[in-house]
$ cat upload-v6.cif   # mmCIF, C-alpha atoms and all ligand atoms
data_run
loop_
_atom_site.group_PDB
_atom_site.id
_atom_site.type_symbol
_atom_site.label_atom_id
_atom_site.label_comp_id
_atom_site.auth_asym_id
_atom_site.auth_seq_id
_atom_site.Cartn_x
_atom_site.Cartn_y
_atom_site.Cartn_z
ATOM 1 C CA MET A 1 20.609 -14.912 3.703
ATOM 2 C CA LEU A 2 19.147 -12.649 6.358
ATOM 3 C CA LYS A 3 20.534 -9.174 6.423
ATOM 4 C CA GLU A 4 21.096 -8.060 10.006
ATOM 5 C CA MET A 5 19.361 -4.895 11.116
ATOM 6 C CA THR A 6 21.721 -1.985 11.585
ATOM 7 C CA ALA A 7 22.294 -0.742 15.143
ATOM 8 C CA SER A 8 20.145 2.320 14.529
ATOM 9 C CA GLN A 9 17.279 0.213 13.167
ATOM 10 C CA GLN A 10 17.485 -2.035 16.230
ATOM 11 C CA ASN A 11 17.418 0.995 18.508
ATOM 12 C CA THR A 12 14.395 2.351 16.729
ATOM 13 C CA ALA A 13 12.684 -1.012 16.984
ATOM 14 C CA LYS A 14 13.492 -1.270 20.700
ATOM 15 C CA SER A 15 12.296 2.211 21.534
ATOM 16 C CA LYS A 16 9.017 1.713 19.724
ATOM 17 C CA ALA A 17 6.090 1.642 22.103
ATOM 18 C CA SER A 18 3.948 -0.523 19.833
ATOM 19 C CA SER A 19 2.861 -3.812 21.360
ATOM 20 C CA THR A 20 3.332 -5.610 18.052
ATOM 21 C CA ALA A 21 6.986 -4.674 17.783
ATOM 22 C CA SER A 22 8.203 -4.503 21.373
ATOM 23 C CA THR A 23 11.004 -7.009 20.816
ATOM 24 C CA PRO A 24 12.849 -7.499 17.549
ATOM 25 C CA LEU A 25 12.321 -10.927 15.998
ATOM 26 C CA LYS A 26 15.125 -12.286 13.865
ATOM 27 C CA LEU A 27 13.451 -13.492 10.682
ATOM 28 C CA THR A 28 14.541 -16.748 9.118
ATOM 29 C CA PRO A 29 13.096 -18.882 6.282
ATOM 30 C CA ALA A 30 11.597 -21.065 9.043
ATOM 31 C CA ASN A 31 9.683 -18.314 10.876
ATOM 32 C CA TYR A 32 8.991 -15.890 8.003
ATOM 33 C CA TYR A 33 5.490 -17.267 7.411
ATOM 34 C CA SER A 34 4.630 -17.587 11.138
ATOM 35 C CA ALA A 35 1.947 -15.869 13.200
ATOM 36 C CA GLU A 36 4.732 -14.455 15.408
ATOM 37 C CA ALA A 37 6.343 -12.771 12.396
ATOM 38 C CA ASP A 38 2.945 -11.407 11.305
ATOM 39 C CA TRP A 39 2.395 -9.861 14.750
ATOM 40 C CA LYS A 40 5.867 -8.299 14.903
ATOM 41 C CA TYR A 41 6.025 -7.144 11.293
ATOM 42 C CA GLN A 42 3.771 -5.700 8.667
ATOM 43 C CA SER A 43 4.037 -7.333 5.223
ATOM 44 C CA ALA A 44 2.596 -6.681 1.779
ATOM 45 C CA THR A 45 0.342 -9.744 1.946
ATOM 46 C CA GLN A 46 -0.917 -8.766 5.386
ATOM 47 C CA PHE A 47 -1.415 -5.127 4.385
ATOM 48 C CA LYS A 48 -3.460 -6.179 1.363
ATOM 49 C CA GLY A 49 -5.513 -8.294 3.753
ATOM 50 C CA TRP A 50 -6.180 -5.249 5.971
ATOM 51 C CA LEU A 51 -7.253 -3.230 2.927
ATOM 52 C CA GLN A 52 -9.599 -6.039 1.856
ATOM 53 C CA CYS A 53 -11.340 -6.495 5.224
ATOM 54 C CA GLU A 54 -10.046 -5.457 8.653
ATOM 55 C CA ALA A 55 -12.345 -7.830 10.536
ATOM 56 C CA ALA A 56 -11.264 -10.864 8.506
ATOM 57 C CA GLU A 57 -7.575 -9.974 8.732
ATOM 58 C CA LEU A 58 -7.715 -9.500 12.519
ATOM 59 C CA ALA A 59 -9.630 -12.764 13.042
ATOM 60 C CA GLN A 60 -7.064 -14.564 10.911
ATOM 61 C CA LEU A 61 -4.123 -12.976 12.733
ATOM 62 C CA LYS A 62 -5.618 -13.979 16.092
ATOM 63 C CA GLY A 63 -6.013 -17.534 14.843
ATOM 64 C CA GLU A 64 -9.785 -17.336 15.300
ATOM 65 C CA TRP A 65 -10.610 -17.955 11.651
ATOM 66 C CA GLU A 66 -9.043 -19.527 8.585
ATOM 67 C CA PRO A 67 -10.256 -18.848 5.049
ATOM 68 C CA GLN A 68 -11.295 -21.939 3.082
ATOM 69 C CA ARG A 69 -8.583 -22.001 0.498
ATOM 70 C CA ASP A 70 -7.760 -24.512 -2.128
ATOM 71 C CA PRO A 71 -4.218 -25.389 -1.024
ATOM 72 C CA THR A 72 -3.287 -26.336 -4.596
ATOM 73 C CA ALA A 73 -2.763 -22.776 -5.876
ATOM 74 C CA LEU A 74 -0.386 -22.020 -2.991
ATOM 75 C CA LEU A 75 1.465 -25.315 -3.449
ATOM 76 C CA VAL A 76 1.857 -24.784 -7.194
ATOM 77 C CA GLY A 77 3.368 -21.362 -6.446
ATOM 78 C CA ASN A 78 5.747 -22.895 -3.900
ATOM 79 C CA TYR A 79 6.647 -25.685 -6.340
ATOM 80 C CA LEU A 80 7.642 -23.098 -8.956
ATOM 81 C CA HIS A 81 9.446 -20.798 -6.509
ATOM 82 C CA SER A 82 11.441 -23.615 -4.901
ATOM 83 C CA HIS A 83 12.571 -24.742 -8.359
ATOM 84 C CA PHE A 84 13.993 -21.288 -9.110
ATOM 85 C CA GLU A 85 15.461 -20.930 -5.610
ATOM 86 C CA SER A 86 17.825 -23.936 -5.716
ATOM 87 C CA PRO A 87 17.840 -27.687 -6.451
ATOM 88 C CA ALA A 88 18.094 -28.333 -2.683
ATOM 89 C CA ALA A 89 15.041 -26.150 -1.955
ATOM 90 C CA HIS A 90 13.060 -27.971 -4.648
ATOM 91 C CA GLU A 91 14.076 -31.400 -3.312
ATOM 92 C CA ALA A 92 13.031 -30.328 0.189
ATOM 93 C CA PHE A 93 9.661 -29.141 -1.145
ATOM 94 C CA LEU A 94 9.066 -32.450 -2.973
ATOM 95 C CA ALA A 95 9.984 -34.446 0.156
ATOM 96 C CA GLU A 96 7.575 -32.395 2.284
ATOM 97 C CA HIS A 97 4.685 -32.648 -0.177
ATOM 98 C CA PRO A 98 4.125 -36.218 -1.365
ATOM 99 C CA GLU A 99 0.486 -35.230 -2.009
ATOM 100 C CA ILE A 100 1.488 -33.528 -5.266
ATOM 101 C CA MET A 101 1.917 -37.003 -6.814
ATOM 102 C CA ALA A 102 -1.091 -39.056 -7.929
ATOM 103 C CA SER A 103 -1.463 -42.012 -5.554
ATOM 104 C CA THR A 104 -4.153 -43.927 -7.456
ATOM 105 C CA GLY A 105 -5.362 -44.573 -10.998
ATOM 106 C CA LYS A 106 -3.529 -44.688 -14.294
ATOM 107 C CA THR A 107 -1.350 -41.691 -13.416
ATOM 108 C CA LYS A 108 -0.173 -43.186 -10.106
ATOM 109 C CA GLY A 109 3.357 -42.019 -9.308
ATOM 110 C CA GLN A 110 3.151 -39.071 -11.723
ATOM 111 C CA LEU A 111 2.773 -35.429 -10.822
ATOM 112 C CA LYS A 112 -0.853 -34.310 -10.501
ATOM 113 C CA LYS A 113 -2.105 -32.098 -13.343
ATOM 114 C CA PRO A 114 -1.558 -28.646 -11.728
ATOM 115 C CA TYR A 115 2.104 -29.508 -11.086
ATOM 116 C CA GLN A 116 2.525 -30.733 -14.661
ATOM 117 C CA VAL A 117 1.272 -27.275 -15.677
ATOM 118 C CA ALA A 118 3.846 -25.788 -13.257
ATOM 119 C CA ASP A 119 6.551 -27.882 -14.959
ATOM 120 C CA ALA A 120 5.473 -26.460 -18.323
ATOM 121 C CA MET A 121 5.718 -22.947 -16.827
ATOM 122 C CA ILE A 122 9.217 -23.726 -15.527
ATOM 123 C CA ASP A 123 10.269 -25.065 -18.952
ATOM 124 C CA THR A 124 8.906 -21.919 -20.606
ATOM 125 C CA LEU A 125 10.943 -19.620 -18.363
ATOM 126 C CA GLU A 126 14.052 -21.774 -18.534
ATOM 127 C CA GLY A 127 13.744 -22.024 -22.310
ATOM 128 C CA ASP A 128 14.117 -18.248 -22.681
ATOM 129 C CA PRO A 129 17.760 -17.143 -22.346
ATOM 130 C CA GLU A 130 16.674 -13.525 -21.692
ATOM 131 C CA VAL A 131 14.710 -14.607 -18.618
ATOM 132 C CA MET A 132 17.460 -16.868 -17.343
ATOM 133 C CA ALA A 133 20.086 -14.118 -17.781
ATOM 134 C CA LEU A 134 17.848 -11.752 -15.839
ATOM 135 C CA TYR A 135 16.855 -14.148 -13.079
ATOM 136 C CA GLN A 136 20.319 -14.347 -11.488
ATOM 137 C CA GLY A 137 21.242 -13.173 -7.990
ATOM 138 C CA GLN A 138 20.305 -13.804 -4.391
ATOM 139 C CA LYS A 139 17.168 -15.915 -4.146
ATOM 140 C CA GLU A 140 14.406 -15.711 -1.504
ATOM 141 C CA LEU A 141 16.183 -12.877 0.285
ATOM 142 C CA ILE A 142 14.448 -11.655 3.451
ATOM 143 C CA VAL A 143 14.608 -7.877 3.925
ATOM 144 C CA THR A 144 13.326 -5.828 6.854
ATOM 145 C CA GLY A 145 13.099 -2.138 7.627
ATOM 146 C CA GLN A 146 10.811 0.553 8.962
ATOM 147 C CA ILE A 147 8.151 2.359 6.986
ATOM 148 C CA GLY A 148 6.387 5.195 8.777
ATOM 149 C CA GLY A 149 7.753 3.932 12.116
ATOM 150 C CA VAL A 150 6.408 0.390 11.620
ATOM 151 C CA ASP A 151 8.555 -2.714 11.180
ATOM 152 C CA TRP A 152 8.073 -4.303 7.764
ATOM 153 C CA MET A 153 9.335 -7.532 6.249
ATOM 154 C CA GLY A 154 9.621 -8.674 2.670
ATOM 155 C CA LYS A 155 11.054 -11.561 0.701
ATOM 156 C CA LEU A 156 12.686 -10.932 -2.667
ATOM 157 C CA ASP A 157 12.408 -13.807 -5.122
ATOM 158 C CA CYS A 158 15.612 -12.720 -6.852
ATOM 159 C CA PHE A 159 17.861 -9.735 -6.075
ATOM 160 C CA ALA A 160 20.371 -8.971 -8.844
ATOM 161 C CA ASP A 161 23.995 -8.972 -7.706
ATOM 162 C CA ASN A 162 24.478 -5.468 -9.147
ATOM 163 C CA HIS A 163 21.468 -4.331 -7.042
ATOM 164 C CA LYS A 164 19.963 -2.567 -10.075
ATOM 165 C CA TYR A 165 16.752 -4.573 -9.975
ATOM 166 C CA PHE A 166 14.913 -7.328 -8.187
ATOM 167 C CA ALA A 167 12.584 -9.813 -9.846
ATOM 168 C CA ASP A 168 9.365 -11.323 -8.594
ATOM 169 C CA LEU A 169 7.793 -14.427 -10.133
ATOM 170 C CA LYS A 170 4.036 -14.165 -10.636
ATOM 171 C CA THR A 171 1.791 -16.819 -12.070
ATOM 172 C CA THR A 172 -1.569 -15.957 -13.619
ATOM 173 C CA GLN A 173 -4.209 -17.488 -15.897
ATOM 174 C CA ASP A 174 -3.563 -15.078 -18.767
ATOM 175 C CA ILE A 175 -1.048 -12.217 -18.648
ATOM 176 C CA TYR A 176 -3.192 -10.054 -20.953
ATOM 177 C CA LYS A 177 -6.549 -10.715 -19.310
ATOM 178 C CA ARG A 178 -8.572 -7.594 -18.516
ATOM 179 C CA MET A 179 -9.399 -7.570 -14.809
ATOM 180 C CA TRP A 180 -11.461 -5.218 -12.670
ATOM 181 C CA VAL A 181 -9.220 -2.995 -10.545
ATOM 182 C CA ASP A 182 -11.144 -1.868 -7.465
ATOM 183 C CA ASP A 183 -8.589 0.838 -6.625
ATOM 184 C CA ASN A 184 -9.146 2.564 -9.978
ATOM 185 C CA ARG A 185 -12.785 1.533 -10.502
ATOM 186 C CA SER A 186 -11.733 0.542 -13.983
ATOM 187 C CA TRP A 187 -10.303 -2.344 -15.969
ATOM 188 C CA GLY A 188 -6.608 -3.071 -15.786
ATOM 189 C CA SER A 189 -4.031 -5.813 -15.651
ATOM 190 C CA PHE A 190 -3.732 -8.705 -13.195
ATOM 191 C CA ILE A 191 -0.749 -6.880 -11.699
ATOM 192 C CA GLU A 192 -2.938 -3.956 -10.640
ATOM 193 C CA ALA A 193 -5.903 -6.158 -9.693
ATOM 194 C CA TYR A 194 -3.733 -8.065 -7.200
ATOM 195 C CA ARG A 195 -2.082 -4.866 -5.945
ATOM 196 C CA TYR A 196 1.389 -6.104 -6.841
ATOM 197 C CA PRO A 197 2.580 -2.465 -7.250
ATOM 198 C CA LEU A 198 1.967 -2.040 -3.475
ATOM 199 C CA GLN A 199 4.160 -5.071 -2.739
ATOM 200 C CA MET A 200 6.875 -3.926 -5.151
ATOM 201 C CA ALA A 201 6.837 -0.366 -3.698
ATOM 202 C CA VAL A 202 7.412 -1.757 -0.199
ATOM 203 C CA TYR A 203 10.187 -4.077 -1.396
ATOM 204 C CA GLN A 204 11.866 -1.208 -3.246
ATOM 205 C CA GLU A 205 11.839 0.867 -0.048
ATOM 206 C CA LEU A 206 13.181 -2.010 2.094
ATOM 207 C CA VAL A 207 15.978 -2.566 -0.452
ATOM 208 C CA ARG A 208 16.773 1.165 -0.392
ATOM 209 C CA GLN A 209 17.055 1.123 3.411
ATOM 210 C CA ASN A 210 19.329 -1.941 3.435
ATOM 211 C CA TYR A 211 21.469 -1.398 0.349
ATOM 212 C CA GLY A 212 21.237 2.341 -0.362
ATOM 213 C CA THR A 213 20.070 1.834 -3.959
ATOM 214 C CA ARG A 214 16.768 2.396 -5.709
ATOM 215 C CA SER A 215 16.391 -0.946 -7.451
ATOM 216 C CA ALA A 216 13.758 -1.421 -10.128
ATOM 217 C CA PRO A 217 11.153 -4.108 -9.479
ATOM 218 C CA LEU A 218 10.543 -6.443 -12.408
ATOM 219 C CA ILE A 219 7.670 -8.904 -12.544
ATOM 220 C CA VAL A 220 8.474 -12.156 -14.283
ATOM 221 C CA ALA A 221 4.956 -13.144 -15.286
ATOM 222 C CA VAL A 222 4.142 -16.630 -16.522
ATOM 223 C CA SER A 223 0.700 -17.883 -17.494
ATOM 224 C CA LYS A 224 -1.004 -21.205 -16.806
ATOM 225 C CA GLN A 225 -2.025 -21.521 -20.464
ATOM 226 C CA ASP A 226 -0.953 -24.369 -22.726
ATOM 227 C CA PRO A 227 1.659 -23.491 -23.827
ATOM 228 C CA PRO A 228 2.410 -20.901 -21.119
ATOM 229 C CA ASP A 229 2.970 -17.270 -22.052
ATOM 230 C CA HIS A 230 5.565 -15.129 -20.287
ATOM 231 C CA GLU A 231 6.699 -11.512 -20.031
ATOM 232 C CA ILE A 232 9.074 -9.380 -17.991
ATOM 233 C CA VAL A 233 7.021 -6.427 -16.752
ATOM 234 C CA SER A 234 8.198 -3.101 -15.310
ATOM 235 C CA ILE A 235 6.192 -0.827 -13.004
ATOM 236 C CA PRO A 236 6.318 2.963 -13.488
ATOM 237 C CA GLN A 237 8.126 4.734 -10.634
ATOM 238 C CA ASP A 238 5.237 7.157 -10.110
ATOM 239 C CA LEU A 239 2.932 4.216 -9.393
ATOM 240 C CA LEU A 240 5.465 2.805 -6.900
ATOM 241 C CA ASP A 241 5.721 6.231 -5.230
ATOM 242 C CA TYR A 242 1.932 6.443 -5.088
ATOM 243 C CA TRP A 243 1.664 3.097 -3.308
ATOM 244 C CA LEU A 244 4.438 3.788 -0.805
ATOM 245 C CA ASN A 245 2.685 7.041 0.129
ATOM 246 C CA LYS A 246 -0.645 5.218 0.298
ATOM 247 C CA VAL A 247 0.854 2.679 2.725
ATOM 248 C CA ILE A 248 2.178 5.487 4.938
ATOM 249 C CA GLU A 249 -1.212 7.253 4.784
ATOM 250 C CA LEU A 250 -3.348 4.205 5.604
ATOM 251 C CA GLN A 251 -0.985 2.529 8.044
ATOM 252 C CA PRO A 252 -1.780 4.391 11.310
ATOM 253 C CA ARG A 253 -5.381 3.139 11.314
ATOM 254 C CA ILE A 254 -4.318 -0.405 10.378
ATOM 255 C CA GLU A 255 -1.753 -0.476 13.209
ATOM 256 C CA ALA A 256 -4.360 0.864 15.641
ATOM 257 C CA VAL A 257 -6.728 -1.955 14.658
ATOM 258 C CA LYS A 258 -3.902 -4.506 14.888
ATOM 259 C CA ASN A 259 -2.973 -3.242 18.375
ATOM 260 C CA GLY A 260 -6.591 -3.441 19.581
ATOM 261 C CA GLU A 261 -6.992 0.328 19.934
ATOM 262 C CA VAL A 262 -9.672 0.658 17.250
ATOM 263 C CA GLU A 263 -12.504 -1.728 16.330
ATOM 264 C CA PRO A 264 -12.004 -3.426 12.956
ATOM 265 C CA LYS A 265 -14.400 -2.504 10.158
ATOM 266 C CA ARG A 266 -16.335 -5.317 8.521
ATOM 267 C CA CYS A 267 -16.586 -5.300 4.736
ATOM 268 C CA GLU A 268 -19.825 -7.381 4.904
ATOM 269 C CA ARG A 269 -18.912 -9.062 1.625
ATOM 270 C CA CYS A 270 -15.995 -11.414 2.238
ATOM 271 C CA GLU A 271 -16.011 -15.038 3.329
ATOM 272 C CA TYR A 272 -15.440 -14.112 7.000
ATOM 273 C CA CYS A 273 -18.146 -11.432 7.022
ATOM 274 C CA ARG A 274 -20.657 -13.724 5.307
ATOM 275 C CA ALA A 275 -19.961 -16.454 7.854
ATOM 276 C CA THR A 276 -20.458 -14.103 10.830
ATOM 277 C CA LYS A 277 -23.130 -11.781 9.403
ATOM 278 C CA ARG A 278 -26.098 -10.391 11.350
ATOM 279 C CA VAL A 279 -28.472 -8.062 9.500
ATOM 280 C CA SER A 280 -28.489 -4.666 11.216
ATOM 281 C CA LYS A 281 -30.713 -2.702 8.835
ATOM 282 C CA ILE A 282 -32.961 -3.081 5.811
ATOM 283 C CA VAL A 283 -31.187 -2.063 2.618
ATOM 284 C CA SER A 284 -32.620 -0.553 -0.550
ATOM 285 C CA LEU A 285 -32.344 -2.594 -3.714
ATOM 286 C CA TYR A 286 -30.281 0.264 -5.150
ATOM 287 C CA ASP A 287 -27.629 -0.382 -2.475
ATOM 288 C CA LEU A 288 -27.042 -3.952 -3.662
ATOM 289 C CA VAL A 289 -25.029 -2.952 -6.713
ATOM 290 C CA SER A 290 -23.093 0.272 -6.430
HETATM 291 ZN ZN ZN B 1 -15.186 -8.869 5.404
#
$ encode --input "upload-v6.cif" --output "structure tokens" --more "lines below"
Ligand SMILES: [Zn+2]
Amino acid sequence: MLKEMTASQQNTAKSKASSTASTPLKLTPANYYSAEADWKYQSATQFKGWLQCEAAELAQLKGEWEPQRDPTALLVGNYLHSHFESPAAHEAFLAEHPEIMASTGKTKGQLKKPYQVADAMIDTLEGDPEVMALYQGQKELIVTGQIGGVDWMGKLDCFADNHKYFADLKTTQDIYKRMWVDDNRSWGSFIEAYRYPLQMAVYQELVRQNYGTRSAPLIVAVSKQDPPDHEIVSIPQDLLDYWLNKVIELQPRIEAVKNGEVEPKRCERCEYCRATKRVSKIVSLYDLVS
């Protein structure tokens, strides 16, 4: 499933003086989510982490700190994705995660509630012929390339065989919920709030470099409601262009922090900053809410 880098991409990667990309790493499904991959490559998830808080992202990358996360949300996402990848991938996921089944009580041997919700989401998507016709192609396809001289990696949930579009599965509480979008300082959709246009812009560029086509990203959104809602959502090209340019603009500082050349900035709000906080000045009450 891994597309080999072209000779020119390999040469560029080799000649790069950056310490995080001194040797090319062949990405596989087994090492894609590894610390080694995160050091060698930039990714949309990592980049969003840098934008959120440099100090927290660096501490996490160095293995010095782990956010306290409820593993369920991640597992539910993986449960859903593995189902749409292949029966074998789903079987492998189930074998690796016996904890998704209730082991005590009246529901012993049944899927725990969040995975029953995931099953309802799967049924919703599979029950819509339009979605199933759309969601055909290469699944979980790893793509790599260079953006602004930095090695990037991405993983397409589904890349259409005609290369005209790629689809990304996103789960959310309510597709139509109004959410605060920090970037715009205004209300918007969950897609903007989670900066999915940034991720889709990067994937579109990586696809362009590997396949020579400008494929349209489509978000297959499915809600956790009962019954689940679903939509296929497009992203305007000007918003994708904006985010690709934003990545190129912000990236030099992020790479400098990642390479240890610049001190990371603390956001003083996130879980990491709260856990490591030392008061350095007295603040005015007017500074508390801005
Ligand atoms: Zn922070």
$ residues_around --input "upload-v6.cif" --residues "region 54-63 of chain A" --least-positions-apart "4" --cutoff "9 Å" --atoms "all atoms listed in the file" --output "PyMOL selection string"
chain A and resi 35+38-39+46-47+49-50+67+254+257-258+263-267+270-273
$ residues_around --input "upload-v6.cif" --residues "region 157-162 of chain A" --least-positions-apart "5" --cutoff "12 Å" --atoms "all atoms listed in the file" --output "number ranges by chain"
A: 1, 77-78, 80-86, 131-143, 167-170, 200, 203-204, 207, 211, 213-220
$ resolve_selection --input "upload-v6.cif" --expression "the PyMOL selection byres (((chain A and resi 152) around 10) and not hetatm)" --output "VMD selection string"
chain A and resid 37 to 38 40 to 44 143 to 151 153 to 154 202 to 203 206
$ closest_residue --input "upload-v6.cif" --among "A:Met179, A:Ala30, A:Leu239, A:Leu51" --to "Arg253 (chain A)" --atoms "only C-alpha atoms"
A:Leu51
$ residues_near_point --input "upload-v6.cif" --point "(8.3, -23.6, -24.9)" --cutoff "8 Å" --atoms "only C-alpha atoms" --output "PDB file with C-alpha atoms, keeping the file's coordinate frame"
ATOM      1  CA  ALA A 120       5.473 -26.460 -18.323  1.00  0.00           C
ATOM      2  CA  ASP A 123      10.269 -25.065 -18.952  1.00  0.00           C
ATOM      3  CA  THR A 124       8.906 -21.919 -20.606  1.00  0.00           C
ATOM      4  CA  GLY A 127      13.744 -22.024 -22.310  1.00  0.00           C
ATOM      5  CA  PRO A 227       1.659 -23.491 -23.827  1.00  0.00           C
ATOM      6  CA  PRO A 228       2.410 -20.901 -21.119  1.00  0.00           C
TER       7      PRO A 228
END
$ closest_residue --input "upload-v6.cif" --among "A:Ile282, A:Cys53, A:Leu94, A:Ile191" --to "ligand ZN 1 (chain B)" --atoms "only C-alpha atoms and all ligand atoms"
A:Cys53
$ atom_distance --input "upload-v6.cif" --atom1 "CA of Ala89 (chain A)" --atom2 "CA of Pro29 (chain A)"
11.2 Å
$ closest_residue --input "upload-v6.cif" --among "A:Ser189, A:Thr104, A:Tyr165, A:Glu205" --to "Ile248 (chain A)" --atoms "all atoms listed in the file"
A:Glu205
$ atom_distance --input "upload-v6.cif" --atom1 "CA of Leu75 (chain A)" --atom2 "CA of Glu99 (chain A)"
10.1 Å
$ atom_distance --input "upload-v6.cif" --atom1 "CA of Ala256 (chain A)" --atom2 "CA of Ser34 (chain A)"
21.0 Å
$ closest_residue --input "upload-v6.cif" --among "A:His230, A:Gly105, A:Leu198, A:Leu285" --to "Asn245 (chain A)" --atoms "all atoms listed in the file"
A:Leu198
$ closest_residue --input "upload-v6.cif" --among "A:Asp238, A:Glu231, A:Glu268, A:Asp226" --to "Asp119 (chain A)" --atoms "only C-alpha atoms"
A:Asp226
$ axis_aligned_box --input "upload-v6.cif" --around "region 190-198 of chain A" --padding-each-side "8 Å" --output "JSON"
{"center_x": -1.7, "center_y": -5.4, "center_z": -8.3, "size_x": 24.5, "size_y": 22.7, "size_z": 25.7}
$ closest_residue --input "upload-v6.cif" --among "A:Asn210, A:Arg278, A:Phe93, A:Ala73" --to "Thr172 (chain A)" --atoms "all atoms listed in the file"
A:Ala73
$ residues_around --input "upload-v6.cif" --residues "Arg178 (chain A)" --least-positions-apart "2" --cutoff "10 Å" --atoms "all atoms listed in the file" --output "VMD selection string"
chain A and resid 174 to 176 180 to 181 186 to 190 193
